[in-house]
file structure07.tsv (TSV, C-alpha atoms and all ligand atoms)
chain	number	residue	atom	x	y	z
A	1	MET	CA	-3.87	159.62	-39.62
A	2	TYR	CA	-3.82	158.53	-43.26
A	3	ARG	CA	-0.37	157.02	-42.82
A	4	LYS	CA	-1.52	155.12	-39.74
A	5	PHE	CA	-4.46	153.81	-41.72
A	6	THR	CA	-2.39	152.68	-44.72
A	7	ASN	CA	0.12	151.02	-42.38
A	8	PHE	CA	-2.74	149.18	-40.70
A	9	VAL	CA	-4.06	147.95	-44.06
A	10	ALA	CA	-0.60	146.89	-45.22
A	11	GLU	CA	0.17	145.05	-41.98
A	12	THR	CA	-3.17	143.32	-41.90
A	13	THR	CA	-2.89	142.29	-45.52
A	14	MET	CA	0.59	140.86	-44.96
A	15	LEU	CA	-0.57	138.93	-41.93
A	16	VAL	CA	-3.42	137.43	-43.89
A	17	MET	CA	-1.33	136.71	-46.98
A	18	LEU	CA	0.84	134.46	-44.84
A	19	ARG	CA	-2.20	132.37	-44.02
A	20	ILE	CA	-3.64	132.03	-47.52
A	21	LEU	CA	-3.36	128.57	-49.03
A	22	HIS	CA	-4.33	127.58	-52.56
A	23	SER	CA	-6.12	124.36	-53.39
A	24	LYS	CA	-7.43	122.66	-56.49
A	25	HIS	CA	-10.46	121.08	-54.80
A	26	ILE	CA	-11.23	123.12	-51.67
A	27	PRO	CA	-13.67	124.83	-51.32
A	28	PHE	CA	-16.12	122.63	-53.20
A	29	GLY	CA	-18.68	123.85	-55.73
A	30	SER	CA	-18.75	127.46	-56.85
A	31	TYR	CA	-17.26	128.90	-53.64
A	32	ALA	CA	-14.01	130.82	-54.11
A	33	ALA	CA	-12.58	130.70	-50.58
A	34	ILE	CA	-13.15	129.14	-47.19
A	35	ASN	CA	-11.79	130.12	-43.80
A	36	LEU	CA	-10.74	127.11	-41.77
A	37	PHE	CA	-9.43	127.95	-38.31
A	38	GLY	CA	-8.02	131.26	-39.53
A	39	PHE	CA	-6.39	129.74	-42.62
A	40	ILE	CA	-7.94	131.00	-45.82
A	41	ILE	CA	-8.08	128.33	-48.50
A	42	VAL	CA	-8.58	129.78	-51.96
A	43	LYS	CA	-9.43	127.81	-55.07
A	44	LYS	CA	-6.51	127.76	-57.55
A	45	GLY	CA	-6.76	130.51	-60.14
A	46	ILE	CA	-8.95	132.77	-57.99
A	47	GLN	CA	-7.53	136.23	-57.26
A	48	MET	CA	-8.46	137.56	-53.80
A	49	ARG	CA	-9.41	141.27	-53.73
A	50	TRP	CA	-8.81	143.25	-50.52
A	51	VAL	CA	-12.52	143.15	-49.85
A	52	ASP	CA	-12.50	139.32	-50.01
A	53	ILE	CA	-9.59	139.23	-47.59
A	54	HIS	CA	-11.44	141.61	-45.25
A	55	HIS	CA	-14.53	139.40	-45.47
A	56	GLU	CA	-12.43	136.43	-44.36
A	57	LEU	CA	-10.82	138.49	-41.59
A	58	ILE	CA	-14.27	139.18	-40.18
A	59	HIS	CA	-14.87	135.42	-40.14
A	60	SER	CA	-11.52	134.89	-38.40
A	61	ARG	CA	-12.66	137.24	-35.63
A	62	GLN	CA	-16.03	135.50	-35.32
A	63	GLN	CA	-14.30	132.12	-35.11
A	64	ALA	CA	-11.75	133.22	-32.52
A	65	GLU	CA	-14.37	134.71	-30.20
A	66	MET	CA	-16.42	131.50	-30.42
A	67	LEU	CA	-13.37	129.25	-29.96
A	68	TRP	CA	-13.66	127.73	-33.45
A	69	VAL	CA	-15.61	124.47	-33.01
A	70	PRO	CA	-18.81	126.14	-31.70
A	71	PHE	CA	-18.53	128.57	-34.64
A	72	TYR	CA	-18.64	125.78	-37.22
A	73	THR	CA	-21.37	123.94	-35.32
A	74	TRP	CA	-23.54	127.05	-35.15
A	75	TYR	CA	-22.73	127.88	-38.80
A	76	VAL	CA	-23.94	124.50	-40.09
A	77	ILE	CA	-27.05	124.44	-37.86
A	78	GLU	CA	-28.01	127.97	-38.89
A	79	TRP	CA	-27.42	127.13	-42.56
A	80	MET	CA	-29.77	124.13	-42.27
A	81	LEU	CA	-32.42	126.21	-40.50
A	82	LYS	CA	-32.17	128.92	-43.16
A	83	LEU	CA	-32.35	126.24	-45.85
A	84	LEU	CA	-35.66	125.09	-44.39
A	85	LYS	CA	-36.83	128.71	-44.34
A	86	TYR	CA	-35.69	129.84	-47.81
A	87	ARG	CA	-35.55	126.46	-49.64
A	88	ASN	CA	-32.54	127.75	-51.61
A	89	LEU	CA	-28.88	126.87	-50.88
A	90	THR	CA	-27.43	130.22	-51.95
A	91	LYS	CA	-30.05	132.32	-50.20
A	92	ALA	CA	-29.65	130.24	-47.04
A	93	TYR	CA	-25.86	130.79	-47.17
A	94	TYR	CA	-26.13	134.58	-47.59
A	95	ASN	CA	-28.50	134.76	-44.63
A	96	ILE	CA	-26.38	132.94	-42.06
A	97	SER	CA	-25.76	135.60	-39.40
A	98	PHE	CA	-21.95	135.25	-39.76
A	99	GLU	CA	-22.24	135.85	-43.51
A	100	ARG	CA	-24.67	138.73	-43.08
A	101	GLU	CA	-22.20	140.49	-40.77
A	102	ALA	CA	-19.25	139.78	-43.10
A	103	TYR	CA	-21.02	140.85	-46.31
A	104	MET	CA	-22.58	143.96	-44.79
A	105	ASN	CA	-19.25	145.21	-43.41
A	106	GLN	CA	-16.61	143.89	-45.80
A	107	TYR	CA	-16.17	147.27	-47.54
A	108	ASP	CA	-15.69	149.12	-44.23
A	109	ILE	CA	-11.96	148.61	-43.64
A	110	LYS	CA	-12.20	150.07	-40.11
A	111	TYR	CA	-15.00	147.74	-39.12
A	112	LEU	CA	-12.89	145.26	-37.13
A	113	ARG	CA	-11.37	148.09	-35.11
A	114	ARG	CA	-14.71	149.18	-33.68
A	115	ARG	CA	-16.51	145.85	-33.80
A	116	ARG	CA	-17.83	144.60	-30.48
A	117	TRP	CA	-17.59	140.98	-29.34
A	118	TYR	CA	-20.35	138.72	-30.69
A	119	SER	CA	-21.62	141.39	-33.09
A	120	TRP	CA	-22.76	138.63	-35.45
A	121	MET	CA	-25.66	138.02	-33.04
A	122	ARG	CA	-27.19	141.33	-34.09
A	123	TYR	CA	-27.52	139.86	-37.60
A	124	LEU	CA	-29.64	136.92	-36.49
A	125	SER	CA	-32.78	139.00	-36.84
A	126	LYS	CA	-31.80	141.32	-39.69
A	127	LYS	CA	-33.80	141.42	-42.89
A	128	SER	CA	-33.00	138.88	-45.55
A	129	LEU	CA	-29.89	139.46	-47.69
A	130	ARG	CA	-30.34	138.84	-51.45
A	201	ZN	ZN	-18.22	134.50	-45.69
call {"tool": "encode", "arguments": {"input": "structure07.tsv", "output": "structure tokens"}}
result
Amino acid sequence: MYRKFTNFVAETTMLVMLRILHSKHIPFGSYAAINLFGFIIVKKGIQMRWVDIHHELIHSRQQAEMLWVPFYTWYVIEWMLKLLKYRNLTKAYYNISFEREAYMNQYDIKYLRRRRWYSWMRYLSKKSLR
């Protein structure tokens, strides 16, 4: 059981490592990483912890199930709506349903194994994060 679990973590990490790119300018501002179509772009000099990688993996799943373009469209629209609600860029970001799901489950390494399709929808009405 434990061996299966560690193999799973190692395999997943390797798979993700292959898709991590480093950039001087992307993502902009104070963000450390961005997931674009399953490719994780990390700002130069930033060290990704396993929990950050897992966070991005959750986003990769959300994107794949929404066929990418609708994901980004929904993401930006929800961010703008939350910005109107909270009047704070950071608070709006943390309360996007995709981010709520990723932040609330990033430490649960088995989360993606039991996650149901479109689980992010359950975070639309959750209480405010941060
Ligand atoms: Zn995120």
call {"tool": "residues_near_ligand", "arguments": {"input": "structure07.tsv", "ligand": "ligand ZN 201 (chain A)", "cutoff": "12 Å", "atoms": "only C-alpha atoms and all ligand atoms", "output": "PyMOL selection string"}}
result
chain A and resi 31-36+40+51-63+75+90+93-106+120
call {"tool": "closest_residue", "arguments": {"input": "structure07.tsv", "among": "A:Leu81, A:Met1, A:Val9, A:Met121", "to": "Asp108 of chain A", "atoms": "all atoms listed in the file"}}
result
A:Val9
call {"tool": "residues_around", "arguments": {"input": "structure07.tsv", "residues": "Met80 of chain A", "least_positions_apart": "6", "cutoff": "10 Å", "atoms": "all atoms listed in the file", "output": "number ranges by chain"}}
result
A: 74, 86-87, 89, 92-93, 96
call {"tool": "write_last_selection", "arguments": {"input": "structure07.tsv", "atoms": "C-alpha atoms", "output": "short mmCIF file (atom, residue, chain, number, x, y, z; two decimals), in the frame of the given file"}}
result
data_model
loop_
_atom_site.label_atom_id
_atom_site.label_comp_id
_atom_site.auth_asym_id
_atom_site.auth_seq_id
_atom_site.Cartn_x
_atom_site.Cartn_y
_atom_site.Cartn_z
CA TRP A 74 -23.54 127.05 -35.15
CA TYR A 86 -35.69 129.84 -47.81
CA ARG A 87 -35.55 126.46 -49.64
CA LEU A 89 -28.88 126.87 -50.88
CA ALA A 92 -29.65 130.24 -47.04
CA TYR A 93 -25.86 130.79 -47.17
CA ILE A 96 -26.38 132.94 -42.06
#
call {"tool": "atom_distance", "arguments": {"input": "structure07.tsv", "atom1": "atom CA of Ser125 of chain A", "atom2": "atom CA of Glu65 of chain A"}}
result
20.0 Å
call {"tool": "atom_distance", "arguments": {"input": "structure07.tsv", "atom1": "atom CA of Gly45 of chain A", "atom2": "atom CA of His22 of chain A"}}
result
8.5 Å
call {"tool": "atom_distance", "arguments": {"input": "structure07.tsv", "atom1": "atom CA of Trp50 of chain A", "atom2": "atom CA of Glu78 of chain A"}}
result
27.2 Å
call {"tool": "closest_residue", "arguments": {"input": "structure07.tsv", "among": "A:Thr73, A:Thr12, A:Gln47, A:Ser23", "to": "Arg113 of chain A", "atoms": "all atoms listed in the file"}}
result
A:Thr12
call {"tool": "closest_residue", "arguments": {"input": "structure07.tsv", "among": "A:Lys4, A:Tyr118, A:Lys43, A:Val69", "to": "Gly29 of chain A", "atoms": "only C-alpha atoms"}}
result
A:Lys43
call {"tool": "closest_residue", "arguments": {"input": "structure07.tsv", "among": "A:Phe28, A:Tyr2, A:Phe71, A:Phe8", "to": "Ile41 of chain A", "atoms": "all atoms listed in the file"}}
result
A:Phe28
call {"tool": "decode", "arguments": {"input": "structure07.tsv", "residues": "segment 2-129 of chain A", "atoms": "C-alpha atoms", "output": "compact mmCIF listing (two decimals), in the first residue's frame"}}
result
# COMPACT_ATOMS: atom_id res chain seq x y z
CA TYR A 2 2.69 2.47 1.08
CA ARG A 3 4.89 1.41 -1.84
CA LYS A 4 2.02 1.89 -4.27
CA PHE A 5 1.44 5.34 -2.84
CA THR A 6 5.10 6.42 -3.05
CA ASN A 7 5.29 5.09 -6.61
CA PHE A 8 2.21 7.11 -7.49
CA VAL A 9 3.75 10.27 -6.03
CA ALA A 10 7.07 9.68 -7.79
CA GLU A 11 5.41 8.98 -11.15
CA THR A 12 3.12 11.97 -10.90
CA THR A 13 5.96 14.25 -9.89
CA MET A 14 8.09 13.07 -12.82
CA LEU A 15 5.23 13.59 -15.24
CA VAL A 16 4.73 17.11 -14.00
CA MET A 17 8.44 17.94 -13.88
CA LEU A 18 8.57 17.29 -17.61
CA ARG A 19 5.99 20.00 -18.14
CA ILE A 20 7.49 22.68 -15.91
CA LEU A 21 8.98 25.64 -17.75
CA HIS A 22 10.87 28.54 -16.19
CA SER A 23 10.40 32.13 -17.26
CA LYS A 24 11.80 35.49 -16.28
CA HIS A 25 8.57 37.43 -16.88
CA ILE A 26 5.68 34.95 -16.68
CA PRO A 27 3.61 34.93 -14.51
CA PHE A 28 3.37 38.68 -13.98
CA GLY A 29 3.31 40.44 -10.62
CA SER A 30 3.82 38.52 -7.41
CA TYR A 31 2.50 35.18 -8.72
CA ALA A 32 4.99 32.31 -8.59
CA ALA A 33 3.48 29.93 -11.16
CA ILE A 34 0.77 29.71 -13.77
CA ASN A 35 -0.75 26.68 -15.44
CA LEU A 36 -1.26 27.22 -19.16
CA PHE A 37 -2.87 24.27 -20.94
CA GLY A 38 -1.21 21.80 -18.57
CA PHE A 39 2.22 23.43 -18.82
CA ILE A 40 3.34 24.93 -15.55
CA ILE A 41 5.31 28.13 -16.02
CA VAL A 42 7.33 29.05 -12.95
CA LYS A 43 9.07 32.35 -12.38
CA LYS A 44 12.88 31.98 -12.48
CA GLY A 45 14.38 31.45 -9.04
CA ILE A 46 11.17 30.06 -7.51
CA GLN A 47 11.44 26.55 -6.05
CA MET A 48 8.24 24.49 -6.45
CA ARG A 49 7.29 22.41 -3.38
CA TRP A 50 5.31 19.18 -3.88
CA VAL A 51 2.24 20.96 -2.59
CA ASP A 52 2.60 23.67 -5.28
CA ILE A 53 2.92 20.99 -7.94
CA HIS A 54 -0.17 19.24 -6.58
CA HIS A 55 -2.05 22.56 -6.64
CA GLU A 56 -1.19 22.93 -10.31
CA LEU A 57 -2.15 19.32 -11.01
CA ILE A 58 -5.62 20.05 -9.64
CA HIS A 59 -5.83 22.95 -12.10
CA SER A 60 -4.69 20.66 -14.93
CA ARG A 61 -7.61 18.34 -14.14
CA GLN A 62 -10.08 21.23 -14.00
CA GLN A 63 -8.80 22.52 -17.34
CA ALA A 64 -8.93 19.14 -19.07
CA GLU A 65 -12.51 18.44 -17.98
CA MET A 66 -13.59 21.88 -19.24
CA LEU A 67 -11.64 21.55 -22.50
CA TRP A 68 -9.26 24.42 -21.66
CA VAL A 69 -10.74 27.52 -23.34
CA PRO A 70 -14.02 27.49 -21.34
CA PHE A 71 -11.89 27.05 -18.19
CA TYR A 72 -9.95 30.27 -18.82
CA THR A 73 -13.10 32.12 -19.86
CA TRP A 74 -14.94 31.08 -16.70
CA TYR A 75 -11.82 31.79 -14.60
CA VAL A 76 -11.54 35.41 -15.81
CA ILE A 77 -15.30 36.08 -15.57
CA GLU A 78 -15.46 34.66 -12.04
CA TRP A 79 -12.39 36.66 -11.03
CA MET A 80 -14.05 39.87 -12.26
CA LEU A 81 -17.30 39.04 -10.45
CA LYS A 82 -15.39 38.29 -7.24
CA LEU A 83 -13.45 41.53 -7.70
CA LEU A 84 -16.73 43.43 -7.75
CA LYS A 85 -17.81 41.54 -4.63
CA TYR A 86 -14.61 41.80 -2.55
CA ARG A 87 -13.00 44.93 -4.10
CA ASN A 88 -9.57 43.33 -3.54
CA LEU A 89 -7.48 41.60 -6.24
CA THR A 90 -5.90 39.01 -3.94
CA LYS A 91 -9.11 38.15 -2.12
CA ALA A 92 -10.95 37.86 -5.44
CA TYR A 93 -8.24 35.49 -6.73
CA TYR A 94 -8.37 33.21 -3.66
CA ASN A 95 -12.14 32.97 -3.96
CA ILE A 96 -12.37 31.85 -7.58
CA SER A 97 -13.99 28.40 -7.32
CA PHE A 98 -11.05 26.74 -9.15
CA GLU A 99 -8.62 28.27 -6.64
CA ARG A 100 -10.81 27.41 -3.67
CA GLU A 101 -10.83 23.75 -4.73
CA ALA A 102 -7.06 23.74 -5.40
CA TYR A 103 -6.09 25.49 -2.16
CA MET A 104 -8.45 23.47 0.02
CA ASN A 105 -7.18 20.14 -1.33
CA GLN A 106 -3.55 20.75 -2.26
CA TYR A 107 -2.21 19.00 0.87
CA ASP A 108 -4.35 15.89 0.27
CA ILE A 109 -2.12 13.93 -2.12
CA LYS A 110 -4.89 11.37 -2.79
CA TYR A 111 -7.41 14.03 -3.69
CA LEU A 112 -7.19 13.64 -7.48
CA ARG A 113 -7.75 9.90 -7.18
CA ARG A 114 -11.17 10.29 -5.60
CA ARG A 115 -12.13 13.63 -7.10
CA ARG A 116 -15.34 13.63 -9.11
CA TRP A 117 -15.76 15.45 -12.42
CA TYR A 118 -16.60 19.15 -12.08
CA SER A 119 -15.94 19.14 -8.33
CA TRP A 120 -14.89 22.80 -8.57
CA MET A 121 -18.60 23.65 -8.92
CA ARG A 122 -19.12 22.70 -5.28
CA TYR A 123 -16.77 25.56 -4.37
CA LEU A 124 -18.86 28.22 -6.09
CA SER A 125 -20.94 28.66 -2.96
CA LYS A 126 -18.37 27.88 -0.27
CA LYS A 127 -17.50 30.43 2.38
CA SER A 128 -14.89 33.01 1.56
CA LEU A 129 -11.23 31.93 1.65
